[in-house]
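Asks: Let me begin by handing over the structure; questions about it come next.
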Amino acid sequence: MIDFVSDLLPKIHPYKALGAAYFRRLLDAPELGRKAARFALDGVTRYPVADYDADFWRHLLLRDATRGAMTQWIREERVKADALGPPFWRALAFRPTWEADPWVRALKAEHRWARDLSYDEGLGGFARELLGDVRKFTPDQLGFAWLMEMVQRAEPSYHDFAVEYMIKAFLPADFAPADEAQPAAAPAASAAKTVDLGGKTFLFTGKLATMTRDQATAKVTVAGGANAGSVTAKLDYLVIGDEGSPLYGAGRKGSKQVAAEKLVAKGAAIRIISETAFLQMLAGGEREFSADKVDDGCARLWAMATDPGPADAPLASFAQKYIRRHHPDICLALTDRPVDPGAEIPEKFLTWARVRPLFTDPRQPLRQLALDLGKWELARWSPPIFELVALAEDPNPELRSFISAALLADESPATKRMRVDPSRLSADAVYAFCESLHPFARGLGMELIRRHPRLAIPEELFRLSESPDRQVTGFVVRTLWGLYRDRSVTAGWKPPAHPPRRGPQREGQRGQRGPPRGRRAASSPREAPRQPPRVARLYAAHALHGAADQAAQGRGRAGRPQDPAGSPVARAQGQARADRGHPRPRDPRPRLRGGRHPAYPRVYGHPRGQRARRLPRRPRPDRPGPSRPRSAGQGGRVMSSSPSEKSLRYRGDLKALVGRGGSLSFVTSHPEGHPTALYTVDLAKLELHEEPLPCGASALVDAGEDSSSRATTATSTAAAVAAASRRSARP
């Protein structure tokens with residue numbers, strides 16, 4: 001029946017007589033079938049588009065029988081998309097808008113075929129596709145508030161569309177509060193507005209998403225611009241297609257873009273823009289904002305990204321993505337495309353104080369955002385080194401690795417944006433790494449000292465030697481060994497000057513340690529020495545021990561001739577003469593050598609069992625074994641190892657000794673000023689006689705008298721010497 005009528009009706013009633021209103025009423029019939037719809041749509045095409053209003057086109061798109069044909073007409077631009085109105089497309093694209101739209105409610109109330117009309121996801125996708133084309137709809141026609149409502153939706157179809165559109169079409173200043181930076185409404189796409197490009201040259205690269213290359217060049221020509229054939233320093237704009245190519249995002253750029261970037265680095269004024277920015281330029285949608293409005297918009301974006309709440313919430317995710325895509329370096333690394341001029345996040349907004357809290361934020365997306373920004377901004381920030389110490393102690397391994405890479409990176413183009421200049425490393429900060437409670441920070445500090453020798457300060461290393469960490473102390477030992485193994489002291493170190501000696505000095509010894517080597521000294525001093533030389537005291541003590549041994553064995557008695565060269569006193573005197581420069585007399589007796597004496601090997605002069613020795617000190621429980629004896633010159637008890645087991649007792653330090661015949665006389669001086677005596681040893685009987693000296697004595701003179709008066713003379717002489725010593729010691 002429909003086929004018969006469709007063939008006969010035009011023959012009886014021409015289309016001009018039927019009019020556009022007839023076909024409109026036919027398409028609004030509730031019982032419209034597909035064949036009748038096909039006949040009515042054919043009649044609609046015979047009339048101008050202006051003969052139908054927006055509601056008619058909307059009905060065709062909403063009814064199932066006519067939806068396919070209407071979609072095709074819109075794609076072919078036989079019917080302009082904006083003829084249906086932006087509010088209608090917003091209702092089709094977003095379910096909440098559809099359910100709240102008053103026109104949709106009136107449609108359901110007026111037409112029976114629309115009573116059961118519901119939201120269609122297929123039509124929604126088609127509507128979002130058209131709304132995303134900036135040639136058809138400007139950002140202001142979509143509306144900032146409507147897009148932000150879609151951004152906060154969890155459905156991917158809504159959220160992803162709004163995010164991508166706002167990243168491409170909105171500038172940071174658009175996010176400023178409405179009373180400060182709300183952009184003026186741009187003219188509708190259908191409005192005829194003349195755009196003059198002023199002779200600027202354009203060149204296109206990549207695949208355009210909304211037009212062909214020929215259509216793009218034609219638009220430039222119509223708008224008063226010029227099309228360039230290649231990339232040169234005189235080129236004004238290089239337009240990169242939004243659809244791009246499979247190489248974009250995979251680390252490869254087009255040859256035209258690479259050439260343009262090289263010229264820009266050399267100072268050329270080439271502006272690399274996206275296809276979206278080019279279309280906005282043709283539509284007269286270029287906008288300019290003040291620096292304050294840009295800062296306000298960036299502050300609102302930052303608040304969206306960092307405000308308390310889940311970091312993966314739709315609004316926070318959008319703000320974080322927007323910041324990345326509008327950062328010049330991060331955007332180029334992610335998409336191989338630069339940010340459109342004027343759409344960048346200003347450097348002065350991204351400061352260390354603003355980004356620093358994100359490094360330790362408990363929300364992982366925000367920590368990742370801080371790391372992404374730090375890879376390109378850390379060198380510019382130049383943060384305090386002590387704050388890097390705190391970040392190196394963070395439990396987040398990714399953050400610790402980032403800080404380590406920034407501090408240890410070598411100088412190269414790939415790391416220059418994040419590398420910390422080694423000249424900024426101070427000793428206090430680096431050793432703070434070594435004193436950290438976190439093992440990673442301590443290891444990082446040791447590596448910094450190892451790489452930069454100027455930080456190996458001995459005083460600081462010595463302080464680190466008290467660390468409870470065995471790795472730190474081992475590192476200190478190895479470092480100090482590396483510093484001093486080729487020299488004994490620190491380079492440039494000098495010993496401190498000794499204070500001047502107190503008391504009188506002997507003439508000829510002021511400022512002189514001793515006579516020059518090889519020059520003969522004076523035969524005898526001008527006055528008696530105040531204290532016997534150390535060598536003389538040792539030989540005197542040895543003589544005392546040797547005399548005791550000989551007396552115990554029945555040798556060396558009084559009246560028996562002694563070997564003048566072999567006696568202990570003679571050996572002591574010979575050593576004293578050698579110290580003063582005289583040649584030492586040679587001992588004519590054969591000397592016993594170690595390992596060759598048949599009975600007492602390795603003993604020189606006396607058998608081992610007959611040598612005099614001091615009584616051992618009191619044994620200590622923490623040191624097993626015999627204690628080491630002190631020298632005889634320090635006073636105390638001298639004991640002979642002879643069978644008689646006799647002992648000699650005296651007090652103080654030995655100062656002078658004189659031997660004659662069968663007796664030996666000596667004087668001592670107590671270090672604390674206690675009284676001592678003139679001691680005389682009978683070598684035959686091994687008896688010790690004492691004559692008191694209240695203050696001790698430091699010298700002893702043999703008057704050469706007989707033995708009966710020797711002791712008395714020696715006593716008086718010793719007392720006189722002691723008195724003279726006291727007088728000279730007074731200040």
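Residue numbers start at 1 in each chain; chains themselves are named A, B, ... in the order of the structure tokens; ligands are numbered from 1 in the order shown.
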Fewer than 6 positions away in the same chain doesn't count, so skip those; otherwise give me all residues within 7 Å of region 198-201 of chain A, counting only C-alpha atoms, as a PyMOL selection string.
Replies: chain A and resi 224-228+235-237
Asks: Output all heavy atoms of each residue in that selection to a file, as a compact mmCIF listing (two decimals), in the first residue's frame.
Replies:
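Below is the file part.txt, written as the result:
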# COMPACT_ATOMS: atom_id res chain seq x y z
N GLY A 224 43.00 34.84 4.85
CA GLY A 224 44.04 35.83 4.64
C GLY A 224 45.42 35.39 5.04
O GLY A 224 46.32 36.22 5.17
N GLY A 225 45.63 34.08 5.21
CA GLY A 225 46.95 33.56 5.55
C GLY A 225 47.66 33.01 4.34
O GLY A 225 47.15 33.06 3.21
N ALA A 226 48.86 32.47 4.56
CA ALA A 226 49.65 31.88 3.48
C ALA A 226 50.09 30.49 3.91
O ALA A 226 50.32 30.23 5.10
CB ALA A 226 50.86 32.76 3.18
N ASN A 227 50.22 29.59 2.95
CA ASN A 227 50.62 28.21 3.21
C ASN A 227 52.08 28.04 2.78
O ASN A 227 52.46 28.36 1.65
CB ASN A 227 49.73 27.23 2.44
CG ASN A 227 48.30 27.23 2.95
OD1 ASN A 227 48.01 26.70 4.01
ND2 ASN A 227 47.40 27.87 2.20
N ALA A 228 52.89 27.51 3.70
CA ALA A 228 54.31 27.29 3.44
C ALA A 228 54.52 25.87 2.95
O ALA A 228 53.73 24.95 3.24
CB ALA A 228 55.13 27.54 4.70
N LEU A 235 58.82 30.63 9.05
CA LEU A 235 57.50 30.04 9.27
C LEU A 235 56.91 30.59 10.56
O LEU A 235 57.59 30.74 11.58
CB LEU A 235 57.61 28.51 9.35
CG LEU A 235 56.31 27.74 9.57
CD1 LEU A 235 55.40 27.89 8.36
CD2 LEU A 235 56.61 26.26 9.84
N ASP A 236 55.60 30.88 10.53
CA ASP A 236 54.92 31.43 11.71
C ASP A 236 54.26 30.35 12.56
O ASP A 236 54.39 30.35 13.79
CB ASP A 236 53.86 32.45 11.28
CG ASP A 236 54.49 33.69 10.67
OD1 ASP A 236 55.47 34.21 11.26
OD2 ASP A 236 54.03 34.14 9.60
N TYR A 237 53.53 29.41 11.92
CA TYR A 237 52.79 28.39 12.66
C TYR A 237 53.01 27.01 12.03
O TYR A 237 52.89 26.87 10.80
CB TYR A 237 51.28 28.68 12.67
CG TYR A 237 50.91 29.91 13.47
CD1 TYR A 237 50.79 31.15 12.84
CD2 TYR A 237 50.66 29.83 14.83
CE1 TYR A 237 50.45 32.29 13.57
CE2 TYR A 237 50.31 30.96 15.56
CZ TYR A 237 50.21 32.18 14.93
OH TYR A 237 49.87 33.30 15.65
Asks: What's the 12 Å shell around Pro346 (chain A), counting only C-alpha atoms, without same-chain residues fewer than 3 positions away, as a PyMOL selection string?
Replies: chain A and resi 171-173+291-299+323+326-328+339+341-343+349-351
Asks: Can I get the selected residues back with C-alpha atoms, as an mmCIF file, in the first residue's frame?
Replies:
data_model
loop_
_atom_site.group_PDB
_atom_site.id
_atom_site.type_symbol
_atom_site.label_atom_id
_atom_site.label_comp_id
_atom_site.auth_asym_id
_atom_site.auth_seq_id
_atom_site.Cartn_x
_atom_site.Cartn_y
_atom_site.Cartn_z
ATOM 1 C CA LEU A 171 43.269 27.427 29.333
ATOM 2 C CA PRO A 172 44.425 27.533 32.971
ATOM 3 C CA ALA A 173 42.832 30.955 33.368
ATOM 4 C CA ALA A 291 48.864 37.000 34.898
ATOM 5 C CA ASP A 292 46.706 37.280 38.030
ATOM 6 C CA LYS A 293 43.836 35.418 36.383
ATOM 7 C CA VAL A 294 46.215 32.715 35.222
ATOM 8 C CA ASP A 295 47.532 32.321 38.773
ATOM 9 C CA ASP A 296 43.990 32.127 40.149
ATOM 10 C CA GLY A 297 43.086 29.416 37.652
ATOM 11 C CA CYS A 298 46.246 27.422 38.457
ATOM 12 C CA ALA A 299 45.517 27.735 42.184
ATOM 13 C CA ILE A 323 48.645 19.784 35.162
ATOM 14 C CA HIS A 326 49.922 21.615 30.398
ATOM 15 C CA HIS A 327 53.467 21.287 31.686
ATOM 16 C CA PRO A 328 55.730 21.985 28.675
ATOM 17 C CA VAL A 339 51.614 22.653 24.729
ATOM 18 C CA PRO A 341 51.187 28.790 23.307
ATOM 19 C CA GLY A 342 49.540 30.520 26.245
ATOM 20 C CA ALA A 343 48.202 27.296 27.746
ATOM 21 C CA PHE A 349 53.488 28.802 40.065
ATOM 22 C CA LEU A 350 55.252 25.442 40.421
ATOM 23 C CA THR A 351 57.530 26.249 43.348
#
Asks: List as a list in words the protein and nucleic acid residues near Tyr22 (chain A), meaning an atom at most 12 Å away when only C-alpha atoms are counted, but skip any in the same chain fewer than 2 places from it.
Replies: His13, Pro14, Tyr15, Lys16, Ala17, Leu18, Gly19, Ala20, Arg24, Arg25, Leu26, Leu27, Asp28, Ala29, Phe39, Ala40, Leu41, Gly43, Val44, Tyr47, Asp51 and Tyr52 of chain A
Asks: Go ahead and save the picked residues with N, CA and C atoms, as a PDB file, in the first residue's frame.
Replies:
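Writing done, so here's out_12.pdb:
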ATOM      1  N   HIS A  13      -0.192  15.010  -7.247  1.00  0.00           N
ATOM      2  CA  HIS A  13       0.095  16.252  -6.540  1.00  0.00           C
ATOM      3  C   HIS A  13       1.614  16.482  -6.558  1.00  0.00           C
ATOM      4  N   PRO A  14       2.022  17.464  -7.306  1.00  0.00           N
ATOM      5  CA  PRO A  14       3.470  17.745  -7.350  1.00  0.00           C
ATOM      6  C   PRO A  14       3.989  18.099  -5.947  1.00  0.00           C
ATOM      7  N   TYR A  15       5.306  17.938  -5.730  1.00  0.00           N
ATOM      8  CA  TYR A  15       5.914  18.228  -4.410  1.00  0.00           C
ATOM      9  C   TYR A  15       5.738  19.697  -4.023  1.00  0.00           C
ATOM     10  N   LYS A  16       5.748  20.551  -5.019  1.00  0.00           N
ATOM     11  CA  LYS A  16       5.587  21.960  -4.715  1.00  0.00           C
ATOM     12  C   LYS A  16       4.210  22.243  -4.159  1.00  0.00           C
ATOM     13  N   ALA A  17       3.229  21.494  -4.662  1.00  0.00           N
ATOM     14  CA  ALA A  17       1.856  21.670  -4.163  1.00  0.00           C
ATOM     15  C   ALA A  17       1.692  21.041  -2.787  1.00  0.00           C
ATOM     16  N   LEU A  18       2.376  19.959  -2.548  1.00  0.00           N
ATOM     17  CA  LEU A  18       2.273  19.304  -1.236  1.00  0.00           C
ATOM     18  C   LEU A  18       2.885  20.185  -0.145  1.00  0.00           C
ATOM     19  N   GLY A  19       4.049  20.743  -0.366  1.00  0.00           N
ATOM     20  CA  GLY A  19       4.709  21.622   0.603  1.00  0.00           C
ATOM     21  C   GLY A  19       5.442  20.852   1.692  1.00  0.00           C
ATOM     22  N   ALA A  20       6.323  21.504   2.355  1.00  0.00           N
ATOM     23  CA  ALA A  20       7.149  20.888   3.407  1.00  0.00           C
ATOM     24  C   ALA A  20       6.327  20.537   4.626  1.00  0.00           C
ATOM     25  N   ARG A  24       6.149  17.081   7.063  1.00  0.00           N
ATOM     26  CA  ARG A  24       6.411  17.191   8.499  1.00  0.00           C
ATOM     27  C   ARG A  24       5.308  16.511   9.293  1.00  0.00           C
ATOM     28  N   ARG A  25       4.040  16.757   8.906  1.00  0.00           N
ATOM     29  CA  ARG A  25       2.934  16.091   9.605  1.00  0.00           C
ATOM     30  C   ARG A  25       3.008  14.587   9.427  1.00  0.00           C
ATOM     31  N   LEU A  26       3.435  14.148   8.240  1.00  0.00           N
ATOM     32  CA  LEU A  26       3.556  12.714   8.006  1.00  0.00           C
ATOM     33  C   LEU A  26       4.598  12.099   8.924  1.00  0.00           C
ATOM     34  N   LEU A  27       5.731  12.779   9.104  1.00  0.00           N
ATOM     35  CA  LEU A  27       6.798  12.221   9.960  1.00  0.00           C
ATOM     36  C   LEU A  27       6.434  12.300  11.445  1.00  0.00           C
ATOM     37  N   ASP A  28       5.473  13.158  11.808  1.00  0.00           N
ATOM     38  CA  ASP A  28       5.077  13.236  13.216  1.00  0.00           C
ATOM     39  C   ASP A  28       3.976  12.239  13.572  1.00  0.00           C
ATOM     40  N   ALA A  29       3.479  11.492  12.599  1.00  0.00           N
ATOM     41  CA  ALA A  29       2.400  10.531  12.869  1.00  0.00           C
ATOM     42  C   ALA A  29       2.906   9.435  13.791  1.00  0.00           C
ATOM     43  N   PHE A  39       9.583   7.315   2.354  1.00  0.00           N
ATOM     44  CA  PHE A  39       8.909   8.202   1.399  1.00  0.00           C
ATOM     45  C   PHE A  39       8.903   9.650   1.901  1.00  0.00           C
ATOM     46  N   ALA A  40       8.662   9.847   3.206  1.00  0.00           N
ATOM     47  CA  ALA A  40       8.603  11.201   3.764  1.00  0.00           C
ATOM     48  C   ALA A  40       9.988  11.860   3.769  1.00  0.00           C
ATOM     49  N   LEU A  41      11.028  11.106   4.058  1.00  0.00           N
ATOM     50  CA  LEU A  41      12.387  11.660   4.071  1.00  0.00           C
ATOM     51  C   LEU A  41      12.820  12.072   2.669  1.00  0.00           C
ATOM     52  N   GLY A  43      10.805  13.192   0.440  1.00  0.00           N
ATOM     53  CA  GLY A  43      10.130  14.466   0.185  1.00  0.00           C
ATOM     54  C   GLY A  43      10.779  15.613   0.937  1.00  0.00           C
ATOM     55  N   VAL A  44      11.301  15.351   2.117  1.00  0.00           N
ATOM     56  CA  VAL A  44      11.956  16.410   2.896  1.00  0.00           C
ATOM     57  C   VAL A  44      13.171  16.947   2.170  1.00  0.00           C
ATOM     58  N   TYR A  47      13.080  20.104  -0.288  1.00  0.00           N
ATOM     59  CA  TYR A  47      12.798  21.450   0.172  1.00  0.00           C
ATOM     60  C   TYR A  47      14.047  22.009   0.872  1.00  0.00           C
ATOM     61  N   ASP A  51      13.267  25.616   5.540  1.00  0.00           N
ATOM     62  CA  ASP A  51      11.824  25.452   5.665  1.00  0.00           C
ATOM     63  C   ASP A  51      11.437  24.656   6.901  1.00  0.00           C
ATOM     64  N   TYR A  52      12.392  24.105   7.605  1.00  0.00           N
ATOM     65  CA  TYR A  52      12.117  23.275   8.790  1.00  0.00           C
ATOM     66  C   TYR A  52      12.786  23.927  10.002  1.00  0.00           C
TER      67      TYR A  52
END
Asks: Determine, counting only C-alpha atoms, which protein, DNA and RNA residues have an atom within 8 Å of an atom of Cys434 (chain A); residues of the same chain fewer than 4 positions away are not included. Present the result as a list in words.
Replies: Val430, Ala441, Arg442, Gly443, Leu444, Gly445, Met446, Leu464 and Val472 of chain A
Asks: Just want the 7 Å neighbourhood of Arg128 (chain A), counted on only C-alpha atoms, with same-chain residues fewer than 4 positions away dropped. Output as a list in words.
Replies: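 Once the adjacent positions are removed, what remains is Ala93, Gly124 and Gly132 of chain A.
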Asks: Would you list the contacts of Tyr322 (chain A) as number ranges by chain, taking every protein, DNA or RNA residue within 10 Å and counting only C-alpha atoms, but skipping same-chain residues closer than 3 positions in sequence?
Replies: A: 163-164, 166-168, 170-172, 301-302, 305, 316-319, 325-327, 331, 345
Asks: Those same residues, written as a CSV table (one decimal), in the first residue's frame with N, CA and C atoms?
Replies:
chain,number,residue,atom,x,y,z
A,163,VAL,N,37.3,15.3,30.2
A,163,VAL,CA,38.7,15.5,30.5
A,163,VAL,C,39.5,15.9,29.3
A,164,GLU,N,39.3,15.1,28.2
A,164,GLU,CA,40.0,15.4,27.0
A,164,GLU,C,39.6,16.7,26.4
A,166,MET,N,38.4,19.4,27.9
A,166,MET,CA,38.9,20.5,28.7
A,166,MET,C,40.4,20.7,28.6
A,167,ILE,N,41.1,19.6,28.5
A,167,ILE,CA,42.6,19.7,28.4
A,167,ILE,C,42.9,20.4,27.0
A,168,LYS,N,42.2,20.1,26.0
A,168,LYS,CA,42.5,20.7,24.7
A,168,LYS,C,41.9,22.1,24.5
A,170,PHE,N,40.4,24.3,27.0
A,170,PHE,CA,40.4,25.3,28.1
A,170,PHE,C,41.8,25.7,28.6
A,171,LEU,N,42.0,26.9,28.8
A,171,LEU,CA,43.3,27.4,29.3
A,171,LEU,C,43.3,27.4,30.9
A,172,PRO,N,44.4,27.5,31.5
A,172,PRO,CA,44.4,27.5,33.0
A,172,PRO,C,43.6,28.7,33.5
A,301,LEU,N,43.1,24.7,40.1
A,301,LEU,CA,43.4,23.4,39.6
A,301,LEU,C,44.3,22.7,40.7
A,302,TRP,N,45.2,23.4,41.3
A,302,TRP,CA,46.0,22.7,42.3
A,302,TRP,C,45.2,22.3,43.5
A,305,ALA,N,43.4,19.1,42.7
A,305,ALA,CA,44.3,17.9,42.7
A,305,ALA,C,44.8,17.5,44.1
A,316,ALA,N,39.9,14.9,41.2
A,316,ALA,CA,41.4,15.0,41.5
A,316,ALA,C,42.2,14.4,40.3
A,317,SER,N,41.7,13.3,39.7
A,317,SER,CA,42.4,12.7,38.6
A,317,SER,C,42.5,13.6,37.4
A,318,PHE,N,41.3,14.3,37.2
A,318,PHE,CA,41.3,15.3,36.1
A,318,PHE,C,42.3,16.4,36.3
A,319,ALA,N,42.4,17.0,37.5
A,319,ALA,CA,43.3,18.1,37.8
A,319,ALA,C,44.7,17.6,37.6
A,325,ARG,N,49.5,17.6,31.4
A,325,ARG,CA,49.4,17.9,30.0
A,325,ARG,C,49.6,19.4,29.6
A,326,HIS,N,49.6,20.2,30.6
A,326,HIS,CA,49.9,21.6,30.4
A,326,HIS,C,51.3,22.0,30.9
A,327,HIS,N,52.1,21.0,31.4
A,327,HIS,CA,53.5,21.3,31.7
A,327,HIS,C,54.3,21.1,30.4
A,331,CYS,N,54.3,17.2,29.0
A,331,CYS,CA,53.4,17.0,27.8
A,331,CYS,C,54.1,16.5,26.6
A,345,ILE,N,51.3,25.9,32.2
A,345,ILE,CA,51.3,26.2,33.6
A,345,ILE,C,52.6,27.0,33.9
Asks: Per DSSP on the backbone, filter region 206-321 of chain A down to the residues in strand (DSSP E) and report them as a PyMOL selection string.
Replies: chain A and resi 226-227+237-240+271-274
Asks: Where in region 247-302 of chain A does DSSP assign alpha helix (DSSP H), given as an MDAnalysis selection string?
Replies: chainID A and resid 255:265 275:282 291:302
Asks: Tell me, in Å to one decimal, how far CA of Glu393 (chain A) is from CA of Pro439 (chain A).
Replies: 8.4 Å
Asks: For a quick check of understanding, using only C-alpha atoms, which of A:Val389, A:Glu411, A:Val49, A:Leu197 has the smallest distance to Trp73 (chain A)?
Replies: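 Looking only at the distances to Trp73 (chain A), the closest residue turns out to be A:Val49.
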Asks: Would you please work out which residue, of A:Arg34, A:His452, A:His159, A:Lys253, is nearest to Leu332 (chain A) when using only C-alpha atoms?
Replies: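 Looking at the shortest contact to Leu332 (chain A), the residue is A:Lys253.
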